[in-house]
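Each remark here refers to the structure printed beneath this line.
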Amino acid sequence: MNRSAMTTALRYGLLSTLAVLVLAPFVGIALASVHPAGGQVGAFSLPSEWSWSNFALAWQSGDFGRLMWSSFVIAVFVVPLTVCFATLAGYALSILGVWGGKGISLAFVLGLTLPVELLVIALYFNMREVGLTNSYTGVILAEIALFLPFGVYWMQSHFASVPRELVEAARVDGARDHTVLARVLLPISWPAITTLAVLVFMWSWNQFLLVLVMMQDPDLRTAPTGLGLFVGQYGTDIPLLSAASLIVIAPIVVVYLLFQRSFVNGLTQGAVKA
């Protein structure tokens, strides 16, 4: 075997190993979810009787219809607003060369280093002062602020990699700044925008601590926070708990499958340009 073939074999072997390590927990959860409710579950054991009713029981017991609705309401606003603001800011910082752009870019990069655990208490008291706790609006604004640093960094890096000749040619033809963005840059930026949108949806959907602190009203809490309470009530019923976990992660899987090609293209373009 020559060196090239050996390198290829090692590469595929490593990727296959990583894929197995990532998928194995999901396979275990999926198998556990179809065991009879309240029964004993072994590692990766097939059920003696396939119990699909666990999903309906978990949905009703955890009131996941209301919880999923809250998660969708928040994500429907967080994703487009974050992507829109990040795109405009990235365009201004990388193409328009706004005054103080380097300092602003540095501030956004520093924002990536701040974990939500460090900010959530202060954020709660600030939101309470303006009456935005126990409301979708407060959580939406907080999540947009948390996700914008990465979004701006992502879109700024993307626009900075676009050939300047495209922008200059459009300006020679008399295109204004908004026309350059809308008609020249956005049509070639959909992979990057789609990747950012999928990531923001995933982060918004999985947000737990922020919602737990900002939302004391159980009727307004989201699917991940509801799952946390569900664990406390049914922690010993592994099949029911596994079914509830799959219900919560299902929307992320669906969104990824729908936008898989654009998502992968966006990541690949970023890797190549880097």
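In the structure tokens, the first chain shown is A, the next is B, and so on; residue numbers restart at 1 for each chain, and ligands run from 1 in the order shown.
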Show me, as a list in words, the residues that have an atom within 10 Å of Val200 (chain A) when counting only C-alpha atoms, minus same-chain residues fewer than 2 positions from it. Ala75, Val78, Val79, Pro80, Thr82, Val83, Glu143, Ile144, Phe147, Leu148, Phe150, Gly151, Thr194, Thr195, Leu196, Ala197, Val198, Met202, Trp203, Ser204, Trp205 and Asn206 of chain A
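By only C-alpha atoms, and with residues fewer than 5 positions from region 174-191 of chain A along its chain excluded, the set lying at most 9 Å from it is Leu88, Tyr91, Leu96, Met155, His158, Phe159, Val162, Leu166, Val167, Ala169, Leu196, Arg261, Ser262, Phe263, Val264, Asn265, Gly266, Leu267 and Gln269 of chain A.
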Please write the residues from the selection above to a file, keeping C-alpha atoms, as a PDB file, in the first residue's frame.
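As a result, out.pdb now contains:
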```
ATOM      1  CA  LEU A  88     -25.682  44.224   8.023  1.00  0.00           C
ATOM      2  CA  TYR A  91     -21.154  44.169   5.565  1.00  0.00           C
ATOM      3  CA  LEU A  96     -17.955  49.807   3.958  1.00  0.00           C
ATOM      4  CA  MET A 155     -20.494  37.320   8.245  1.00  0.00           C
ATOM      5  CA  HIS A 158     -17.348  35.838   4.789  1.00  0.00           C
ATOM      6  CA  PHE A 159     -17.663  39.294   3.224  1.00  0.00           C
ATOM      7  CA  VAL A 162     -15.374  38.128  -1.351  1.00  0.00           C
ATOM      8  CA  LEU A 166     -17.145  42.464  -7.568  1.00  0.00           C
ATOM      9  CA  VAL A 167     -17.862  45.376  -5.263  1.00  0.00           C
ATOM     10  CA  ALA A 169     -17.436  46.787 -10.531  1.00  0.00           C
ATOM     11  CA  LEU A 196     -25.481  30.876  10.399  1.00  0.00           C
ATOM     12  CA  ARG A 261     -26.480  20.880   1.618  1.00  0.00           C
ATOM     13  CA  SER A 262     -26.313  24.632   2.205  1.00  0.00           C
ATOM     14  CA  PHE A 263     -25.049  24.088   5.757  1.00  0.00           C
ATOM     15  CA  VAL A 264     -22.191  21.858   4.619  1.00  0.00           C
ATOM     16  CA  ASN A 265     -21.369  24.206   1.718  1.00  0.00           C
ATOM     17  CA  GLY A 266     -21.180  27.134   4.122  1.00  0.00           C
ATOM     18  CA  LEU A 267     -18.828  25.304   6.467  1.00  0.00           C
ATOM     19  CA  GLN A 269     -16.394  27.515   2.042  1.00  0.00           C
TER      20      GLN A 269
END
```
Would you list the contacts of Met214 (chain A) as a PyMOL selection string, taking every protein, DNA or RNA residue within 10 Å and counting only C-alpha atoms, but skipping same-chain residues closer than 4 positions in sequence? chain A and resi 120-121+123-125+127-128+132-136+138-139+142+209-210+220-221
Taking C-alpha atoms for each residue, export the selection above as a JSON list (two decimals), in the first residue's frame.
```
[["chain", "number", "residue", "atom", "x", "y", "z"],
["A", 120, "VAL", "CA", -27.36, 35.67, 33.14],
["A", 121, "ILE", "CA", -27.78, 37.04, 36.68],
["A", 123, "LEU", "CA", -29.09, 40.26, 32.64],
["A", 124, "TYR", "CA", -32.02, 39.07, 34.74],
["A", 125, "PHE", "CA", -31.90, 42.12, 37.03],
["A", 127, "MET", "CA", -34.50, 42.90, 32.30],
["A", 128, "ARG", "CA", -36.57, 42.95, 35.48],
["A", 132, "LEU", "CA", -39.06, 42.12, 30.35],
["A", 133, "THR", "CA", -38.82, 39.05, 32.56],
["A", 134, "ASN", "CA", -41.48, 36.37, 32.16],
["A", 135, "SER", "CA", -41.97, 37.43, 28.55],
["A", 136, "TYR", "CA", -40.97, 36.18, 25.13],
["A", 138, "GLY", "CA", -37.02, 39.58, 27.01],
["A", 139, "VAL", "CA", -35.72, 36.14, 26.04],
["A", 142, "ALA", "CA", -31.27, 38.44, 25.25],
["A", 209, "LEU", "CA", -30.13, 28.41, 31.61],
["A", 210, "LEU", "CA", -31.19, 31.76, 30.16],
["A", 220, "LEU", "CA", -43.90, 30.29, 28.98],
["A", 221, "ARG", "CA", -40.97, 27.92, 29.33]]
```
Taking only residues of region 27-102 of chain A that have an atom at most 8 Å from an atom of region 238-255 of chain A, what is each one's shortest atom pair and its distance in Å to one decimal, using only C-alpha atoms, in chain and number order, as JSON lines?
```
{"residue": "A:Ile29", "atom": "CA", "partner": "A:Ser242", "partner_atom": "CA", "distance": 5.5}
{"residue": "A:Ala30", "atom": "CA", "partner": "A:Ser242", "partner_atom": "CA", "distance": 7.0}
{"residue": "A:Ala32", "atom": "CA", "partner": "A:Pro239", "partner_atom": "CA", "distance": 5.1}
{"residue": "A:Ser33", "atom": "CA", "partner": "A:Pro239", "partner_atom": "CA", "distance": 4.3}
{"residue": "A:Val34", "atom": "CA", "partner": "A:Pro239", "partner_atom": "CA", "distance": 6.5}
{"residue": "A:His35", "atom": "CA", "partner": "A:Pro239", "partner_atom": "CA", "distance": 5.7}
{"residue": "A:Pro36", "atom": "CA", "partner": "A:Pro239", "partner_atom": "CA", "distance": 6.8}
{"residue": "A:Ala37", "atom": "CA", "partner": "A:Pro239", "partner_atom": "CA", "distance": 5.5}
{"residue": "A:Gly38", "atom": "CA", "partner": "A:Pro239", "partner_atom": "CA", "distance": 6.7}
{"residue": "A:Gly39", "atom": "CA", "partner": "A:Pro239", "partner_atom": "CA", "distance": 7.3}
{"residue": "A:Gln40", "atom": "CA", "partner": "A:Ile238", "partner_atom": "CA", "distance": 7.8}
{"residue": "A:Val41", "atom": "CA", "partner": "A:Ile238", "partner_atom": "CA", "distance": 7.1}
{"residue": "A:Asn54", "atom": "CA", "partner": "A:Leu240", "partner_atom": "CA", "distance": 5.6}
{"residue": "A:Phe55", "atom": "CA", "partner": "A:Ala243", "partner_atom": "CA", "distance": 5.3}
{"residue": "A:Leu57", "atom": "CA", "partner": "A:Leu240", "partner_atom": "CA", "distance": 7.6}
{"residue": "A:Ala58", "atom": "CA", "partner": "A:Ala244", "partner_atom": "CA", "distance": 5.5}
{"residue": "A:Trp59", "atom": "CA", "partner": "A:Ala244", "partner_atom": "CA", "distance": 7.0}
{"residue": "A:Gly62", "atom": "CA", "partner": "A:Ala244", "partner_atom": "CA", "distance": 7.9}
{"residue": "A:Met68", "atom": "CA", "partner": "A:Val248", "partner_atom": "CA", "distance": 7.8}
```
May I have the selected residues written with all heavy atoms, as a compact mmCIF listing (two decimals), in the first residue's frame?
```txt
# COMPACT_ATOMS: atom_id res chain seq x y z
N ILE A 29 -30.32 5.99 22.91
CA ILE A 29 -31.55 6.67 23.34
C ILE A 29 -32.74 6.20 22.54
O ILE A 29 -33.84 5.97 23.08
CB ILE A 29 -31.37 8.19 23.21
CG1 ILE A 29 -30.30 8.69 24.19
CG2 ILE A 29 -32.68 8.92 23.45
CD1 ILE A 29 -29.97 10.15 24.03
N ALA A 30 -32.55 6.03 21.21
CA ALA A 30 -33.65 5.59 20.36
C ALA A 30 -34.12 4.18 20.76
O ALA A 30 -35.33 3.91 20.81
CB ALA A 30 -33.22 5.62 18.90
N ALA A 32 -33.75 2.77 23.72
CA ALA A 32 -34.36 2.85 25.06
C ALA A 32 -35.78 3.40 25.00
O ALA A 32 -36.63 3.01 25.80
CB ALA A 32 -33.50 3.72 25.97
N SER A 33 -36.05 4.29 24.04
CA SER A 33 -37.35 4.94 23.98
C SER A 33 -38.48 3.99 23.58
O SER A 33 -39.65 4.30 23.80
CB SER A 33 -37.30 6.11 23.01
OG SER A 33 -37.12 5.66 21.67
N VAL A 34 -38.15 2.85 22.98
CA VAL A 34 -39.20 1.92 22.54
C VAL A 34 -39.29 0.71 23.45
O VAL A 34 -39.99 -0.25 23.13
CB VAL A 34 -38.96 1.48 21.08
CG1 VAL A 34 -39.15 2.66 20.13
CG2 VAL A 34 -37.56 0.89 20.90
N HIS A 35 -38.62 0.73 24.60
CA HIS A 35 -38.84 -0.29 25.62
C HIS A 35 -40.16 0.00 26.35
O HIS A 35 -40.63 1.15 26.37
CB HIS A 35 -37.69 -0.31 26.64
CG HIS A 35 -36.48 -1.06 26.17
ND1 HIS A 35 -35.64 -0.59 25.17
CD2 HIS A 35 -35.96 -2.25 26.56
CE1 HIS A 35 -34.66 -1.45 24.98
NE2 HIS A 35 -34.83 -2.48 25.80
N PRO A 36 -40.77 -0.98 26.94
CA PRO A 36 -41.99 -0.73 27.72
C PRO A 36 -41.73 0.29 28.83
O PRO A 36 -40.68 0.28 29.46
CB PRO A 36 -42.34 -2.11 28.29
CG PRO A 36 -41.71 -3.07 27.35
CD PRO A 36 -40.45 -2.41 26.87
N ALA A 37 -42.68 1.22 29.03
CA ALA A 37 -42.52 2.26 30.03
C ALA A 37 -42.29 1.65 31.41
O ALA A 37 -42.98 0.72 31.82
CB ALA A 37 -43.74 3.17 30.05
N GLY A 38 -41.30 2.19 32.12
CA GLY A 38 -41.00 1.72 33.46
C GLY A 38 -40.14 0.48 33.51
O GLY A 38 -39.78 0.03 34.59
N GLY A 39 -39.82 -0.10 32.36
CA GLY A 39 -39.04 -1.32 32.32
C GLY A 39 -37.55 -1.07 32.43
O GLY A 39 -37.07 0.07 32.35
N GLN A 40 -36.80 -2.14 32.63
CA GLN A 40 -35.35 -2.06 32.71
C GLN A 40 -34.77 -1.97 31.31
O GLN A 40 -35.23 -2.65 30.38
CB GLN A 40 -34.79 -3.29 33.44
CG GLN A 40 -35.25 -3.41 34.88
CD GLN A 40 -34.73 -2.27 35.74
OE1 GLN A 40 -33.59 -1.82 35.56
NE2 GLN A 40 -35.54 -1.81 36.68
N VAL A 41 -33.74 -1.15 31.17
CA VAL A 41 -33.13 -0.91 29.87
C VAL A 41 -31.64 -1.20 29.97
O VAL A 41 -30.94 -0.64 30.81
CB VAL A 41 -33.35 0.54 29.40
CG1 VAL A 41 -32.66 0.76 28.05
CG2 VAL A 41 -34.83 0.85 29.30
N ASN A 54 -44.74 5.29 24.09
CA ASN A 54 -43.96 6.14 24.98
C ASN A 54 -43.92 7.59 24.50
O ASN A 54 -43.90 8.52 25.31
CB ASN A 54 -42.53 5.61 25.11
CG ASN A 54 -42.45 4.34 25.94
OD1 ASN A 54 -43.30 4.10 26.79
ND2 ASN A 54 -41.44 3.52 25.69
N PHE A 55 -43.92 7.77 23.19
CA PHE A 55 -43.84 9.13 22.65
C PHE A 55 -45.12 9.90 22.94
O PHE A 55 -45.07 11.06 23.35
CB PHE A 55 -43.56 9.08 21.15
CG PHE A 55 -42.20 8.54 20.81
CD1 PHE A 55 -42.01 7.20 20.51
CD2 PHE A 55 -41.09 9.37 20.80
CE1 PHE A 55 -40.76 6.70 20.21
CE2 PHE A 55 -39.82 8.89 20.49
CZ PHE A 55 -39.67 7.55 20.19
N LEU A 57 -47.24 9.23 25.37
CA LEU A 57 -47.31 9.40 26.81
C LEU A 57 -46.39 10.52 27.28
O LEU A 57 -46.78 11.34 28.13
CB LEU A 57 -46.96 8.08 27.50
CG LEU A 57 -47.03 8.07 29.03
CD1 LEU A 57 -48.44 8.43 29.49
CD2 LEU A 57 -46.62 6.71 29.57
N ALA A 58 -45.17 10.57 26.73
CA ALA A 58 -44.24 11.64 27.11
C ALA A 58 -44.76 13.00 26.66
O ALA A 58 -44.66 13.99 27.39
CB ALA A 58 -42.87 11.36 26.50
N TRP A 59 -45.35 13.05 25.47
CA TRP A 59 -45.89 14.31 24.94
C TRP A 59 -46.99 14.84 25.85
O TRP A 59 -47.02 16.03 26.18
CB TRP A 59 -46.42 14.09 23.53
CG TRP A 59 -46.96 15.32 22.87
CD1 TRP A 59 -48.21 15.84 22.99
CD2 TRP A 59 -46.25 16.18 21.97
NE1 TRP A 59 -48.34 16.98 22.24
CE2 TRP A 59 -47.15 17.21 21.61
CE3 TRP A 59 -44.96 16.19 21.45
CZ2 TRP A 59 -46.79 18.22 20.73
CZ3 TRP A 59 -44.60 17.20 20.58
CH2 TRP A 59 -45.51 18.20 20.23
N GLY A 62 -45.56 15.57 29.71
CA GLY A 62 -44.71 16.76 29.81
C GLY A 62 -45.32 18.00 29.22
O GLY A 62 -44.68 19.07 29.27
N MET A 68 -43.09 23.17 23.07
CA MET A 68 -42.55 23.29 21.71
C MET A 68 -43.03 24.58 21.05
O MET A 68 -42.27 25.23 20.32
CB MET A 68 -42.97 22.08 20.87
CG MET A 68 -42.52 20.74 21.43
SD MET A 68 -40.82 20.33 21.02
CE MET A 68 -41.03 19.57 19.43
```
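The coordinates place CA of Thr87 (chain A) at 28.5 Å from CA of Ala223 (chain A).
For region 162-199 of chain A, backbone-based DSSP assignment of alpha helix (DSSP H) covers Arg164, Glu165, Leu166, Val167, Glu168, Ala169, Ala170, Arg171, Val172, Asp177, His178, Thr179, Trp190, Pro191, Ala192, Ile193, Thr194, Thr195, Leu196, Ala197, Val198 and Leu199 of chain A.
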Write a file of the selected residues as a PDB file, in the first residue's frame, keeping N, CA and C atoms.
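Once written, result02.pdb looks like this:
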```pdb
ATOM      1  N   ARG A 164     -12.812  41.833  -4.063  1.00  0.00           N
ATOM      2  CA  ARG A 164     -13.143  43.256  -4.086  1.00  0.00           C
ATOM      3  C   ARG A 164     -13.549  43.729  -5.478  1.00  0.00           C
ATOM      4  N   GLU A 165     -13.119  42.997  -6.499  1.00  0.00           N
ATOM      5  CA  GLU A 165     -13.453  43.405  -7.856  1.00  0.00           C
ATOM      6  C   GLU A 165     -14.959  43.432  -8.088  1.00  0.00           C
ATOM      7  N   LEU A 166     -15.685  42.490  -7.424  1.00  0.00           N
ATOM      8  CA  LEU A 166     -17.145  42.464  -7.568  1.00  0.00           C
ATOM      9  C   LEU A 166     -17.770  43.748  -7.031  1.00  0.00           C
ATOM     10  N   VAL A 167     -17.312  44.172  -5.873  1.00  0.00           N
ATOM     11  CA  VAL A 167     -17.862  45.376  -5.263  1.00  0.00           C
ATOM     12  C   VAL A 167     -17.482  46.604  -6.084  1.00  0.00           C
ATOM     13  N   GLU A 168     -16.233  46.679  -6.503  1.00  0.00           N
ATOM     14  CA  GLU A 168     -15.787  47.841  -7.269  1.00  0.00           C
ATOM     15  C   GLU A 168     -16.503  47.929  -8.617  1.00  0.00           C
ATOM     16  N   ALA A 169     -16.729  46.778  -9.245  1.00  0.00           N
ATOM     17  CA  ALA A 169     -17.436  46.787 -10.531  1.00  0.00           C
ATOM     18  C   ALA A 169     -18.863  47.287 -10.358  1.00  0.00           C
ATOM     19  N   ALA A 170     -19.516  46.880  -9.284  1.00  0.00           N
ATOM     20  CA  ALA A 170     -20.877  47.350  -9.037  1.00  0.00           C
ATOM     21  C   ALA A 170     -20.907  48.850  -8.770  1.00  0.00           C
ATOM     22  N   ARG A 171     -19.906  49.341  -8.042  1.00  0.00           N
ATOM     23  CA  ARG A 171     -19.873  50.771  -7.769  1.00  0.00           C
ATOM     24  C   ARG A 171     -19.551  51.590  -9.012  1.00  0.00           C
ATOM     25  N   VAL A 172     -18.735  51.047  -9.883  1.00  0.00           N
ATOM     26  CA  VAL A 172     -18.462  51.726 -11.147  1.00  0.00           C
ATOM     27  C   VAL A 172     -19.738  51.860 -11.967  1.00  0.00           C
ATOM     28  N   ASP A 177     -24.657  51.522  -1.827  1.00  0.00           N
ATOM     29  CA  ASP A 177     -24.237  50.515  -0.856  1.00  0.00           C
ATOM     30  C   ASP A 177     -25.301  49.435  -0.658  1.00  0.00           C
ATOM     31  N   HIS A 178     -26.573  49.856  -0.533  1.00  0.00           N
ATOM     32  CA  HIS A 178     -27.614  48.847  -0.312  1.00  0.00           C
ATOM     33  C   HIS A 178     -27.819  47.969  -1.527  1.00  0.00           C
ATOM     34  N   THR A 179     -27.582  48.537  -2.727  1.00  0.00           N
ATOM     35  CA  THR A 179     -27.706  47.745  -3.947  1.00  0.00           C
ATOM     36  C   THR A 179     -26.581  46.726  -4.056  1.00  0.00           C
ATOM     37  N   TRP A 190     -25.599  32.928   0.272  1.00  0.00           N
ATOM     38  CA  TRP A 190     -26.635  32.096   0.892  1.00  0.00           C
ATOM     39  C   TRP A 190     -26.080  30.903   1.659  1.00  0.00           C
ATOM     40  N   PRO A 191     -25.018  30.242   1.198  1.00  0.00           N
ATOM     41  CA  PRO A 191     -24.471  29.159   2.035  1.00  0.00           C
ATOM     42  C   PRO A 191     -24.020  29.642   3.406  1.00  0.00           C
ATOM     43  N   ALA A 192     -23.334  30.788   3.457  1.00  0.00           N
ATOM     44  CA  ALA A 192     -22.886  31.325   4.751  1.00  0.00           C
ATOM     45  C   ALA A 192     -24.076  31.747   5.602  1.00  0.00           C
ATOM     46  N   ILE A 193     -25.068  32.369   4.976  1.00  0.00           N
ATOM     47  CA  ILE A 193     -26.246  32.813   5.719  1.00  0.00           C
ATOM     48  C   ILE A 193     -27.043  31.619   6.226  1.00  0.00           C
ATOM     49  N   THR A 194     -27.197  30.602   5.390  1.00  0.00           N
ATOM     50  CA  THR A 194     -27.928  29.408   5.811  1.00  0.00           C
ATOM     51  C   THR A 194     -27.218  28.703   6.962  1.00  0.00           C
ATOM     52  N   THR A 195     -25.905  28.603   6.876  1.00  0.00           N
ATOM     53  CA  THR A 195     -25.147  27.981   7.963  1.00  0.00           C
ATOM     54  C   THR A 195     -25.343  28.739   9.262  1.00  0.00           C
ATOM     55  N   LEU A 196     -25.269  30.067   9.199  1.00  0.00           N
ATOM     56  CA  LEU A 196     -25.481  30.876  10.399  1.00  0.00           C
ATOM     57  C   LEU A 196     -26.890  30.691  10.938  1.00  0.00           C
ATOM     58  N   ALA A 197     -27.881  30.650  10.056  1.00  0.00           N
ATOM     59  CA  ALA A 197     -29.271  30.486  10.493  1.00  0.00           C
ATOM     60  C   ALA A 197     -29.482  29.149  11.194  1.00  0.00           C
ATOM     61  N   VAL A 198     -28.898  28.083  10.647  1.00  0.00           N
ATOM     62  CA  VAL A 198     -29.045  26.764  11.277  1.00  0.00           C
ATOM     63  C   VAL A 198     -28.377  26.747  12.640  1.00  0.00           C
ATOM     64  N   LEU A 199     -27.189  27.338  12.749  1.00  0.00           N
ATOM     65  CA  LEU A 199     -26.491  27.373  14.028  1.00  0.00           C
ATOM     66  C   LEU A 199     -27.274  28.181  15.063  1.00  0.00           C
TER      67      LEU A 199
END
```
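Our summary of the geometry notes that CA of Tyr153 (chain A) is positioned 20.1 Å from CA of Leu119 (chain A).
For the set A:Val73, A:Ala160, A:Cys84, A:Val152, the residue with the smallest atom-to-atom gap to Ile140 (chain A) is A:Val73, counting only C-alpha atoms.
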Using only C-alpha atoms, the best pick from A:Phe208, A:Phe201, A:Phe44, A:Phe230 as closest to Val27 (chain A) would be A:Phe44
